[in-house]
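S.K.: This is the structure I have questions about; it appears just below.
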Number of protein chains: 2
Amino acid sequence: MAITVLGASTTNFGELWNQSLRDLIREASLLALKDANLSPKDVEAVFVGNMLSGILGSQEQLGPVVTEELGINVSATRVEAACASGGLAIYEAVNSLLSQRFTTVLVVGAEKMTDKPAEKITSSLMAAGSDAERQAGATFPSLYALLAKAHMEKYGTSEEEMAAVAVKNHYHASLNGQAQFRFSITIEQVLKSTKICDPLKLLDCSPITDGAAAVVLTSENSKQKTVNRHVYINACETATDTLGLAQRESLTELKATKLAAEKAYKKAGVTPKDIDVAELHDCFTIAEIMAVEDLGFFKKGEAGKKFLQGETKLGSKGLITNTSGGLKACGHPVGATGIKQIAEITKQLRGKAEKKQVENAKVGLCQNVGGSGATAVVTILTN
Amino acid sequence: MAITVLGASTTNFGELWNQSLRDLIREASLLALKDANLSPKDVEAVFVGNMLSGILGSQEQLGPVVTEELGINVSATRVEAACASGGLAIYEAVNSLLSQRFTTVLVVGAEKMTDKPAEKITSSLMAAGSDAERQAGATFPSLYALLAKAHMEKYGTSEEEMAAVAVKNHYHASLNGQAQFRFSITIEQVLKSTKICDPLKLLDCSPITDGAAAVVLTSENSKQKTVNRHVYINACETATDTLGLAQRESLTELKATKLAAEKAYKKAGVTPKDIDVAELHDCFTIAEIMAVEDLGFFKKGEAGKKFLQGETKLGSKGLITNTSGGLKACGHPVGATGIKQIAEITKQLRGKAEKKQVENAKVGLCQNVGGSGATAVVTILTN
């Protein structure tokens with residue numbers, strides 16, 4: 001069964017103090033439907049990706065928020081898997097189409113994070129970690145700092161190499177009119193930025209962001225009345241690992257990413273070499289280094305050098321990663337991120353990514369991670 | 001495709017101060033697998049129903065909590081729809097089987113509610129309501145009191161009739177060794193209990209509860225190695241309505257229940273008359289009165305009298321409701337409730353409900369509601 005991304009949208013990402021979570025959900029949903037040339041009554045089921053609306057906004061049960069805004073009474077499911085909530089909502093939406101219960105579904109991811117004090121947001125994000133990590137006072141920068149230290153020790157990965165990831169993603173974001181940080185930075189700026197948790201500095205870390213993204217998926221050819229080139233989801237797979245780092249077999253890779261990728265490549269019948277453009281979960285620079293290795297784009301331990309050499313940056317040969325600016329520079333509204341990734345790859349495969357277009361992009365991949373890797377979703381798209 | 005409930009379990013419901021959410025999830029999951037005569041490695045995907053773990057327990061991303069406890073790395077999805085989280089997790093699990101991606105999945109629902117002060121729990125439950133209701137200081141007893149007032153005014157439903165629902169469900173709970181309140185009460189006791197929000201009194205309201213429930217579902221005949229009679233899910237359907245009461249067309253019915261029921265009856269090829277036993281969402285006594293009307297068991301406005309006459313109570317002729325004791329007396333750990341309902345009906349259709357067995361039960365129904373009716377899930381099972 002062919003699953004088509006019929007519509008895709010992203011709101012601006014940033015500190016959107018004049019828009020509520022409901023506003024963002026409505027904006028993204030209606031934009032995606034418009035892009036699909038459909039109306040709300042064409043939507044047969046809704047999936048919502050969100051992590052923090054309960055803790056930060058006192059609002060759970062987001063499914064009916066969407067159907068209420070659209071004026072429909074259909075099935076609506078909120079899916080939560082921390083920062084992989086969006087990707088997992090895509091996954092369940094794809095499954096619902098494969099079940100043949102529905103032919104056209106809307107998936108929306110949204111997060112409203114900037115209305116609370118920073119310490120409240122930081123502690124609420126630890127809801128993605130393990131009890132022991134939370135009780136020990138760990139935060140996500142400190143957990144990813146542990147992963148970075150392990151990678152540096154085992155493979156000699158350097159702080160400059162990590163900084164190169166941030167530099168690339170900021171450059172891409174400078175071409176993205178919807179990104180939170182639309183400016184370039186230098187390796188020196190990253191290295192000199194405030195230390196957050198050694199070896200990670202401020203500019204190694206993704207920000208706190210408000211934003212939403214939505215896609216309309218269909219298995220029905222007759223619905224495809226848009227002028228856009230068709231983009232297909234060939235595989236969407238997920239896997240899990242332990243919540244806490246202490247229980248992991250390795251700290252230099254994310255097992256869940258590897259397992260999900262293995263299934264996705266097999267299902268889509270492609271190899272890492274076939275991927276032209278990828279949106280990766282760079283919540284911290286070390287995360288994108290691990291991602292390109294775990295996904296098989298580079299050999300384990302070699303990715304850092306590649307980034308420093310300018311590979312994966314727009315204009316370079318071969319795979320280009322995080323043309324949106326990634327979580328680092330486009331921003332990271334956690335429940336929206338996995339769906340923004342699909343929206344960005346859809347633009348790329350339609351040839352509509354404008355200044356950040358990857359030439360002749362035919363096969364795209366999205367990798368969305370929950371917490372420090374307890375959930376991973378890998379999706380492969382083609383045109 | 002036949003979907004079989006291969007294993008089903010419920011932990012004790014009550015104030016379980018010596019068990020964490022993780023303990024409850026593990027207990028219910030392993031009991032359900034044991035009942036299915038399967039081991040963790042047979043589980044191909046996991047679905048978790050939970051509402052409040054983020055707000056009350058600082059833990060989101062519960063999918064990997066389950067897979068970690070089982071020592072597996074499979075797909076794990078947390079589904080949240082307030083008090084319908086459990087029912088909606090069943091719904092998505094059924095869809096995942098229909099998609100033919102999996103043949104055997106585990107669905108677990110759990111909630112840990114009693115560790116916090118009552119006012120914190122009451123306010124956190126309002127995350128199931130609308131912004132306007134929350135900001136106005138409404139609580140769920142007050143919202144259901146509005147529904148009760150509307151029903152009383154339109155149909156002449158009396159406080160005695162509502163009390164009869166609580167009396168019946170407490171009687172049933174007195175036969176259920178896992179219920180929170182294993183004792184009978186009288187109509188007089190209900191009427192004399194502390195007023196919570198007119199016309200609802202303490203004994204019209206379901207309690208705050210810890211507990212978990214789990215089921216193993218399969219589409220694979222060869223997995224069916226248990227000694228239990230097979231129980232099948234013939235239909236599992238859901239619908240949505242507005243979050244807030246103010247936007248509804250009617251306050252004397254739940255539109256989402258009616259829409260979900262219509263689809264479920266059609267899919268299963270049965271009528272309300274065919275149902276022998278039902279688990280209904282009696283978060284307040286008025287809710288069960290509306291439920292039996294909205295589900296077509298009694299004409300609109302006539303249910304109150306039927307309850308007062310002793311109908312739907314064990315030993316009476318025709319449909320029997322809430323043999324578990326319902327939310328009122330078995331208890332209401334919100335994310336577990338929808339799955340406990342499936343577990344109870346499974347016991348009934350296996351003929352293994354012991355003292356609370358409905359004679360010759362062949363067709364069962366579960367109705368699970370989120371908030372004041374923004375989400376409803378209706379499931380029909382047969383043996």
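Convention: chains lettered A, B, ... in structure tokens order; per-chain residue numbering from 1; ligands numbered from 1 as shown.
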Produce the least-squares-superposed copy of chain A, fitted on chain B over all in-order C-alpha pairs, as a compact mmCIF listing (two decimals) with C-alpha atoms, in the first residue's frame.

M.R.:
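Listing of out.txt after writing:
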```txt
# COMPACT_ATOMS: atom_id res chain seq x y z
CA MET A 1 -9.27 -11.03 11.01
CA ALA A 2 -10.08 -12.51 14.42
CA ILE A 3 -8.49 -10.67 17.34
CA THR A 4 -8.29 -12.79 20.46
CA VAL A 5 -7.83 -11.64 24.05
CA LEU A 6 -5.24 -14.24 24.94
CA GLY A 7 -4.35 -12.98 28.40
CA ALA A 8 -5.88 -10.51 30.82
CA SER A 9 -4.99 -9.29 34.28
CA THR A 10 -5.81 -6.68 36.87
CA THR A 11 -3.75 -5.77 39.93
CA ASN A 12 -5.54 -4.97 43.15
CA PHE A 13 -7.14 -1.55 42.96
CA GLY A 14 -6.83 0.80 45.93
CA GLU A 15 -4.34 2.88 47.87
CA LEU A 16 -1.24 0.88 47.02
CA TRP A 17 1.41 2.88 48.82
CA ASN A 18 4.00 0.12 48.65
CA GLN A 19 3.92 -0.13 44.86
CA SER A 20 5.26 2.37 42.33
CA LEU A 21 3.79 2.96 38.87
CA ARG A 22 6.60 0.80 37.48
CA ASP A 23 5.77 -1.98 39.97
CA LEU A 24 2.12 -1.92 38.94
CA ILE A 25 3.01 -1.95 35.24
CA ARG A 26 5.34 -4.91 35.74
CA GLU A 27 2.85 -6.85 37.85
CA ALA A 28 -0.05 -6.43 35.42
CA SER A 29 2.11 -7.12 32.35
CA LEU A 30 3.64 -10.32 33.69
CA LEU A 31 0.27 -11.59 34.95
CA ALA A 32 -1.33 -11.02 31.55
CA LEU A 33 1.56 -12.80 29.80
CA LYS A 34 1.28 -15.71 32.24
CA ASP A 35 -2.45 -15.88 31.61
CA ALA A 36 -1.68 -15.97 27.87
CA ASN A 37 0.93 -18.69 28.39
CA LEU A 38 3.48 -16.48 26.64
CA SER A 39 6.82 -14.95 27.61
CA PRO A 40 8.01 -11.35 27.14
CA LYS A 41 9.91 -12.27 23.96
CA ASP A 42 6.58 -13.16 22.30
CA VAL A 43 5.47 -9.52 22.58
CA GLU A 44 5.93 -7.70 19.25
CA ALA A 45 4.63 -4.29 20.30
CA VAL A 46 3.52 -2.56 23.47
CA PHE A 47 0.79 0.03 24.10
CA VAL A 48 0.51 1.90 27.39
CA GLY A 49 -2.53 3.81 28.62
CA ASN A 50 -1.78 6.48 31.21
CA MET A 51 -2.94 10.02 31.89
CA LEU A 52 -1.20 11.53 34.91
CA SER A 53 2.28 10.08 35.25
CA GLY A 54 3.81 13.29 33.91
CA ILE A 55 1.92 15.70 36.18
CA LEU A 56 1.86 13.54 39.33
CA GLY A 57 4.98 11.40 38.88
CA SER A 58 7.33 13.48 36.69
CA GLN A 59 7.64 10.47 34.34
CA GLU A 60 6.60 10.64 30.70
CA GLN A 61 7.74 8.22 27.95
CA LEU A 62 6.16 5.18 29.63
CA GLY A 63 6.51 2.94 26.56
CA PRO A 64 10.17 2.16 27.29
CA VAL A 65 9.32 1.62 30.98
CA VAL A 66 7.33 -1.44 29.89
CA THR A 67 9.86 -2.76 27.38
CA GLU A 68 12.67 -2.22 29.88
CA GLU A 69 10.78 -4.22 32.52
CA LEU A 70 10.19 -7.01 29.99
CA GLY A 71 13.77 -6.90 28.67
CA ILE A 72 12.70 -6.34 25.06
CA ASN A 73 13.34 -3.57 22.50
CA VAL A 74 10.12 -3.53 20.52
CA SER A 75 7.85 -0.70 19.47
CA ALA A 76 6.21 0.90 22.51
CA THR A 77 3.57 3.64 22.36
CA ARG A 78 2.00 5.58 25.19
CA VAL A 79 -1.54 6.62 24.36
CA GLU A 80 -3.21 9.40 26.35
CA ALA A 81 -6.85 10.46 26.27
CA ALA A 82 -7.49 11.33 29.92
CA CYS A 83 -9.71 8.68 31.56
CA ALA A 84 -10.13 6.98 28.16
CA SER A 85 -6.36 6.40 27.84
CA GLY A 86 -6.76 2.67 28.49
CA GLY A 87 -9.60 2.17 26.04
CA LEU A 88 -7.79 4.17 23.38
CA ALA A 89 -4.63 2.11 23.93
CA ILE A 90 -6.75 -1.00 23.22
CA TYR A 91 -8.07 0.72 20.10
CA GLU A 92 -4.59 1.51 18.76
CA ALA A 93 -3.41 -1.99 19.65
CA VAL A 94 -6.30 -3.48 17.67
CA ASN A 95 -5.40 -1.22 14.74
CA SER A 96 -1.78 -2.37 14.89
CA LEU A 97 -2.96 -6.00 14.59
CA LEU A 98 -5.30 -5.10 11.73
CA SER A 99 -2.33 -3.47 9.97
CA GLN A 100 -0.70 -6.93 10.01
CA ARG A 101 2.56 -5.48 11.26
CA PHE A 102 2.22 -7.52 14.44
CA THR A 103 0.44 -10.67 15.49
CA THR A 104 0.81 -10.39 19.28
CA VAL A 105 0.79 -7.19 21.33
CA LEU A 106 0.64 -6.25 25.00
CA VAL A 107 -1.58 -3.42 26.22
CA VAL A 108 -1.09 -2.16 29.76
CA GLY A 109 -2.82 0.67 31.56
CA ALA A 110 -1.67 2.03 34.88
CA GLU A 111 -2.12 4.98 37.17
CA LYS A 112 -0.53 5.94 40.46
CA MET A 113 -2.76 8.59 41.99
CA THR A 114 -2.78 8.38 45.77
CA ASP A 115 0.74 9.61 46.55
CA LYS A 116 -0.17 13.29 46.24
CA PRO A 117 -2.48 15.57 48.25
CA ALA A 118 -6.12 15.40 47.18
CA GLU A 119 -6.20 18.98 45.90
CA LYS A 120 -3.23 18.28 43.61
CA ILE A 121 -4.99 15.20 42.21
CA THR A 122 -8.27 17.07 41.72
CA SER A 123 -6.57 19.91 39.88
CA SER A 124 -4.46 17.54 37.78
CA LEU A 125 -7.59 15.68 36.65
CA MET A 126 -8.85 18.98 35.22
CA ALA A 127 -6.19 18.49 32.53
CA ALA A 128 -8.98 16.45 30.91
CA GLY A 129 -11.25 19.49 30.70
CA SER A 130 -11.26 22.67 28.67
CA ASP A 131 -9.21 25.79 29.39
CA ALA A 132 -12.38 27.73 30.23
CA GLU A 133 -13.60 25.08 32.66
CA ARG A 134 -10.20 24.89 34.33
CA GLN A 135 -9.85 28.65 34.57
CA ALA A 136 -13.36 28.94 36.01
CA GLY A 137 -12.30 26.61 38.82
CA ALA A 138 -14.57 23.77 37.75
CA THR A 139 -13.72 20.22 38.88
CA PHE A 140 -15.06 16.98 37.44
CA PRO A 141 -17.68 16.54 40.19
CA SER A 142 -19.01 20.00 39.29
CA LEU A 143 -19.07 19.24 35.55
CA TYR A 144 -20.91 15.96 36.06
CA ALA A 145 -23.21 17.73 38.52
CA LEU A 146 -24.20 20.02 35.64
CA LEU A 147 -24.94 16.95 33.50
CA ALA A 148 -26.95 15.43 36.36
CA LYS A 149 -28.96 18.65 36.84
CA ALA A 150 -29.75 18.77 33.11
CA HIS A 151 -30.85 15.11 33.14
CA MET A 152 -33.01 15.63 36.23
CA GLU A 153 -34.65 18.67 34.72
CA LYS A 154 -35.34 17.13 31.32
CA TYR A 155 -36.32 13.60 32.36
CA GLY A 156 -37.21 13.83 36.04
CA THR A 157 -34.30 11.61 37.03
CA SER A 158 -34.07 11.51 40.84
CA GLU A 159 -31.28 11.39 43.38
CA GLU A 160 -32.57 7.98 44.52
CA GLU A 161 -32.23 6.66 40.98
CA MET A 162 -28.63 7.85 40.80
CA ALA A 163 -27.97 6.37 44.23
CA ALA A 164 -29.24 3.01 42.97
CA VAL A 165 -26.31 2.89 40.51
CA ALA A 166 -23.82 3.25 43.36
CA VAL A 167 -25.64 0.64 45.45
CA LYS A 168 -25.54 -1.88 42.59
CA ASN A 169 -21.87 -1.26 41.86
CA HIS A 170 -20.86 -1.53 45.51
CA TYR A 171 -22.73 -4.83 45.71
CA HIS A 172 -20.80 -6.11 42.70
CA ALA A 173 -17.52 -4.87 44.21
CA SER A 174 -18.33 -6.79 47.39
CA LEU A 175 -17.91 -9.92 45.24
CA ASN A 176 -14.63 -8.73 43.65
CA GLY A 177 -11.51 -9.55 45.68
CA GLN A 178 -9.51 -6.91 43.77
CA ALA A 179 -11.91 -3.99 44.19
CA GLN A 180 -11.10 -0.86 46.19
CA PHE A 181 -14.41 -0.88 48.12
CA ARG A 182 -15.44 -4.48 48.83
CA PHE A 183 -18.62 -3.66 50.76
CA SER A 184 -22.27 -2.97 50.10
CA ILE A 185 -24.02 0.33 50.73
CA THR A 186 -27.66 1.42 50.84
CA ILE A 187 -29.57 4.13 48.99
CA GLU A 188 -30.01 5.89 52.30
CA GLN A 189 -26.25 5.92 52.87
CA VAL A 190 -25.69 7.46 49.44
CA LEU A 191 -28.34 10.12 49.99
CA LYS A 192 -26.92 10.98 53.42
CA SER A 193 -23.29 11.07 52.35
CA THR A 194 -21.43 14.38 52.20
CA LYS A 195 -22.57 16.65 49.42
CA ILE A 196 -19.75 17.18 46.90
CA CYS A 197 -21.50 19.29 44.28
CA ASP A 198 -25.27 19.34 44.21
CA PRO A 199 -26.88 16.90 43.32
CA LEU A 200 -23.80 14.63 43.60
CA LYS A 201 -22.81 13.27 46.99
CA LEU A 202 -19.65 11.47 48.02
CA LEU A 203 -21.12 8.05 47.26
CA ASP A 204 -22.14 9.18 43.76
CA CYS A 205 -18.46 9.73 42.92
CA SER A 206 -15.72 7.30 41.89
CA PRO A 207 -12.59 7.40 44.06
CA ILE A 208 -8.89 8.17 43.54
CA THR A 209 -7.14 4.86 42.94
CA ASP A 210 -3.82 3.19 42.21
CA GLY A 211 -3.85 0.19 39.92
CA ALA A 212 -2.98 -1.42 36.62
CA ALA A 213 -4.48 -3.82 34.13
CA ALA A 214 -3.09 -5.55 31.06
CA VAL A 215 -4.23 -7.66 28.15
CA VAL A 216 -2.40 -9.66 25.50
CA LEU A 217 -4.07 -9.51 22.09
CA THR A 218 -3.24 -11.74 19.17
CA SER A 219 -4.31 -12.30 15.57
CA GLU A 220 -2.29 -15.52 15.38
CA ASN A 221 -4.17 -18.76 16.01
CA SER A 222 -1.01 -20.75 16.66
CA LYS A 223 -0.24 -18.62 19.71
CA GLN A 224 -3.42 -19.74 21.38
CA LYS A 225 -2.01 -22.34 23.72
CA THR A 226 -4.01 -21.39 26.80
CA VAL A 227 -6.62 -23.46 28.56
CA ASN A 228 -9.01 -20.51 28.61
CA ARG A 229 -12.02 -20.20 26.39
CA HIS A 230 -11.25 -17.83 23.52
CA VAL A 231 -12.61 -14.32 23.75
CA TYR A 232 -12.66 -12.14 20.65
CA ILE A 233 -12.70 -8.38 20.10
CA ASN A 234 -15.33 -7.96 17.40
CA ALA A 235 -15.28 -4.18 17.31
CA CYS A 236 -13.35 -1.36 18.94
CA GLU A 237 -14.43 2.12 17.92
CA THR A 238 -13.90 5.65 19.14
CA ALA A 239 -15.26 9.15 18.58
CA THR A 240 -14.64 12.63 19.96
CA ASP A 241 -16.63 15.64 21.08
CA THR A 242 -15.72 19.10 22.35
CA LEU A 243 -13.57 19.22 25.49
CA GLY A 244 -15.83 21.70 27.20
CA LEU A 245 -19.51 21.24 28.07
CA ALA A 246 -20.41 24.77 26.95
CA GLN A 247 -19.80 23.87 23.29
CA ARG A 248 -22.04 20.76 23.34
CA GLU A 249 -25.39 20.43 21.58
CA SER A 250 -26.86 18.47 24.50
CA LEU A 251 -26.02 18.01 28.18
CA THR A 252 -28.16 14.93 28.67
CA GLU A 253 -26.16 12.59 26.48
CA LEU A 254 -22.53 12.02 25.46
CA LYS A 255 -22.39 12.37 21.70
CA ALA A 256 -18.99 10.65 21.51
CA THR A 257 -20.45 7.53 23.19
CA LYS A 258 -23.35 7.46 20.76
CA LEU A 259 -21.10 7.85 17.71
CA ALA A 260 -18.60 5.23 18.87
CA ALA A 261 -21.40 2.81 19.80
CA GLU A 262 -23.12 3.20 16.45
CA LYS A 263 -19.89 2.26 14.66
CA ALA A 264 -19.16 -0.61 17.05
CA TYR A 265 -22.62 -2.20 16.79
CA LYS A 266 -22.43 -2.01 13.01
CA LYS A 267 -18.94 -3.47 12.88
CA ALA A 268 -19.73 -6.31 15.28
CA GLY A 269 -23.12 -6.98 13.70
CA VAL A 270 -24.95 -6.88 17.00
CA THR A 271 -27.61 -4.69 18.61
CA PRO A 272 -27.91 -3.39 22.18
CA LYS A 273 -30.33 -6.27 22.90
CA ASP A 274 -27.55 -8.78 22.24
CA ILE A 275 -25.28 -7.48 25.03
CA ASP A 276 -25.28 -9.74 28.11
CA VAL A 277 -22.72 -7.92 30.24
CA ALA A 278 -21.16 -4.45 30.05
CA GLU A 279 -18.47 -2.48 31.83
CA LEU A 280 -19.48 1.18 31.73
CA HIS A 281 -17.71 4.42 32.61
CA ASP A 282 -19.51 5.30 35.88
CA CYS A 283 -17.09 7.98 37.07
CA PHE A 284 -20.24 9.44 38.64
CA THR A 285 -23.58 7.70 39.01
CA ILE A 286 -25.20 10.00 36.43
CA ALA A 287 -22.55 8.81 33.94
CA GLU A 288 -23.81 5.21 34.06
CA ILE A 289 -27.39 6.43 33.64
CA MET A 290 -26.39 8.38 30.52
CA ALA A 291 -24.25 5.46 29.31
CA VAL A 292 -27.00 2.83 29.31
CA GLU A 293 -29.22 5.29 27.45
CA ASP A 294 -26.59 6.45 24.96
CA LEU A 295 -25.65 2.82 24.27
CA GLY A 296 -29.28 1.99 23.50
CA PHE A 297 -29.91 -0.37 26.43
CA PHE A 298 -32.77 1.80 27.73
CA LYS A 299 -34.80 4.61 26.22
CA LYS A 300 -33.56 8.12 26.95
CA GLY A 301 -34.84 9.27 30.31
CA GLU A 302 -35.94 5.81 31.48
CA ALA A 303 -32.69 4.40 32.83
CA GLY A 304 -32.95 5.87 36.33
CA LYS A 305 -36.18 3.99 37.07
CA LYS A 306 -34.66 0.76 35.78
CA PHE A 307 -31.72 1.02 38.16
CA LEU A 308 -34.10 1.74 41.03
CA GLN A 309 -36.06 -1.39 40.09
CA GLY A 310 -32.87 -3.43 40.39
CA GLU A 311 -32.25 -3.99 36.70
CA THR A 312 -28.63 -4.54 35.54
CA LYS A 313 -27.75 -5.97 39.00
CA LEU A 314 -26.33 -9.48 39.27
CA GLY A 315 -29.21 -11.89 39.63
CA SER A 316 -31.65 -9.76 37.62
CA LYS A 317 -32.84 -10.70 34.12
CA GLY A 318 -31.25 -9.19 31.03
CA LEU A 319 -28.15 -7.01 30.79
CA ILE A 320 -25.85 -6.83 33.83
CA THR A 321 -23.57 -3.80 34.14
CA ASN A 322 -20.31 -3.18 35.96
CA THR A 323 -19.80 -6.59 37.53
CA SER A 324 -16.29 -5.44 38.51
CA GLY A 325 -17.87 -2.80 40.73
CA GLY A 326 -17.29 -0.18 38.05
CA LEU A 327 -15.25 2.95 38.52
CA LYS A 328 -17.41 3.74 41.57
CA ALA A 329 -16.53 0.75 43.70
CA CYS A 330 -13.81 -1.26 41.95
CA GLY A 331 -11.90 2.03 41.69
CA HIS A 332 -10.71 4.37 38.94
CA PRO A 333 -6.97 4.45 38.25
CA VAL A 334 -7.71 6.49 35.14
CA GLY A 335 -5.26 5.03 32.60
CA ALA A 336 -5.99 1.48 33.78
CA THR A 337 -9.78 1.70 33.74
CA GLY A 338 -10.36 1.03 30.03
CA ILE A 339 -8.12 -2.03 30.18
CA LYS A 340 -9.61 -3.34 33.43
CA GLN A 341 -12.97 -3.21 31.64
CA ILE A 342 -11.64 -5.49 28.88
CA ALA A 343 -10.08 -7.79 31.49
CA GLU A 344 -13.38 -8.04 33.40
CA ILE A 345 -15.44 -8.79 30.29
CA THR A 346 -12.84 -11.37 29.27
CA LYS A 347 -13.30 -13.13 32.61
CA GLN A 348 -17.08 -13.02 32.14
CA LEU A 349 -16.96 -14.44 28.62
CA ARG A 350 -14.55 -17.17 29.72
CA GLY A 351 -17.00 -18.09 32.47
CA LYS A 352 -14.30 -17.39 35.06
CA ALA A 353 -15.80 -14.41 36.89
CA GLU A 354 -16.52 -16.57 39.96
CA LYS A 355 -19.04 -15.07 42.42
CA LYS A 356 -19.84 -12.26 40.02
CA GLN A 357 -20.31 -14.48 36.96
CA VAL A 358 -23.15 -13.49 34.64
CA GLU A 359 -24.81 -16.73 33.64
CA ASN A 360 -24.33 -17.73 30.04
CA ALA A 361 -22.61 -14.46 29.07
CA LYS A 362 -21.83 -14.51 25.35
CA VAL A 363 -21.59 -10.88 24.24
CA GLY A 364 -19.92 -8.13 26.27
CA LEU A 365 -19.40 -4.39 25.82
CA CYS A 366 -16.98 -1.86 27.33
CA GLN A 367 -17.50 1.90 27.28
CA ASN A 368 -14.60 4.13 28.36
CA VAL A 369 -14.88 7.92 28.49
CA GLY A 370 -12.26 10.71 28.58
CA GLY A 371 -13.07 13.78 30.67
CA SER A 372 -16.73 14.74 30.45
CA GLY A 373 -17.10 12.92 27.13
CA ALA A 374 -14.54 14.46 24.76
CA THR A 375 -13.31 10.94 23.96
CA ALA A 376 -15.33 7.72 24.05
CA VAL A 377 -14.23 4.20 23.17
CA VAL A 378 -16.73 1.35 22.74
CA THR A 379 -15.52 -2.24 22.44
CA ILE A 380 -17.62 -5.33 21.78
CA LEU A 381 -16.36 -8.79 22.70
CA THR A 382 -17.76 -12.30 22.19
CA ASN A 383 -16.79 -15.84 23.10
```

S.K.: Just asking: which residues within stretch 198-376 of chain B are strand (DSSP E or B) according to DSSP, as a count of residues only?

M.R.: 38

S.K.: So which residues of stretch 280-329 of chain A fall under alpha helix (DSSP H) by DSSP, listed as number ranges by chain?

M.R.: A: 285-294, 303-308, 326-329
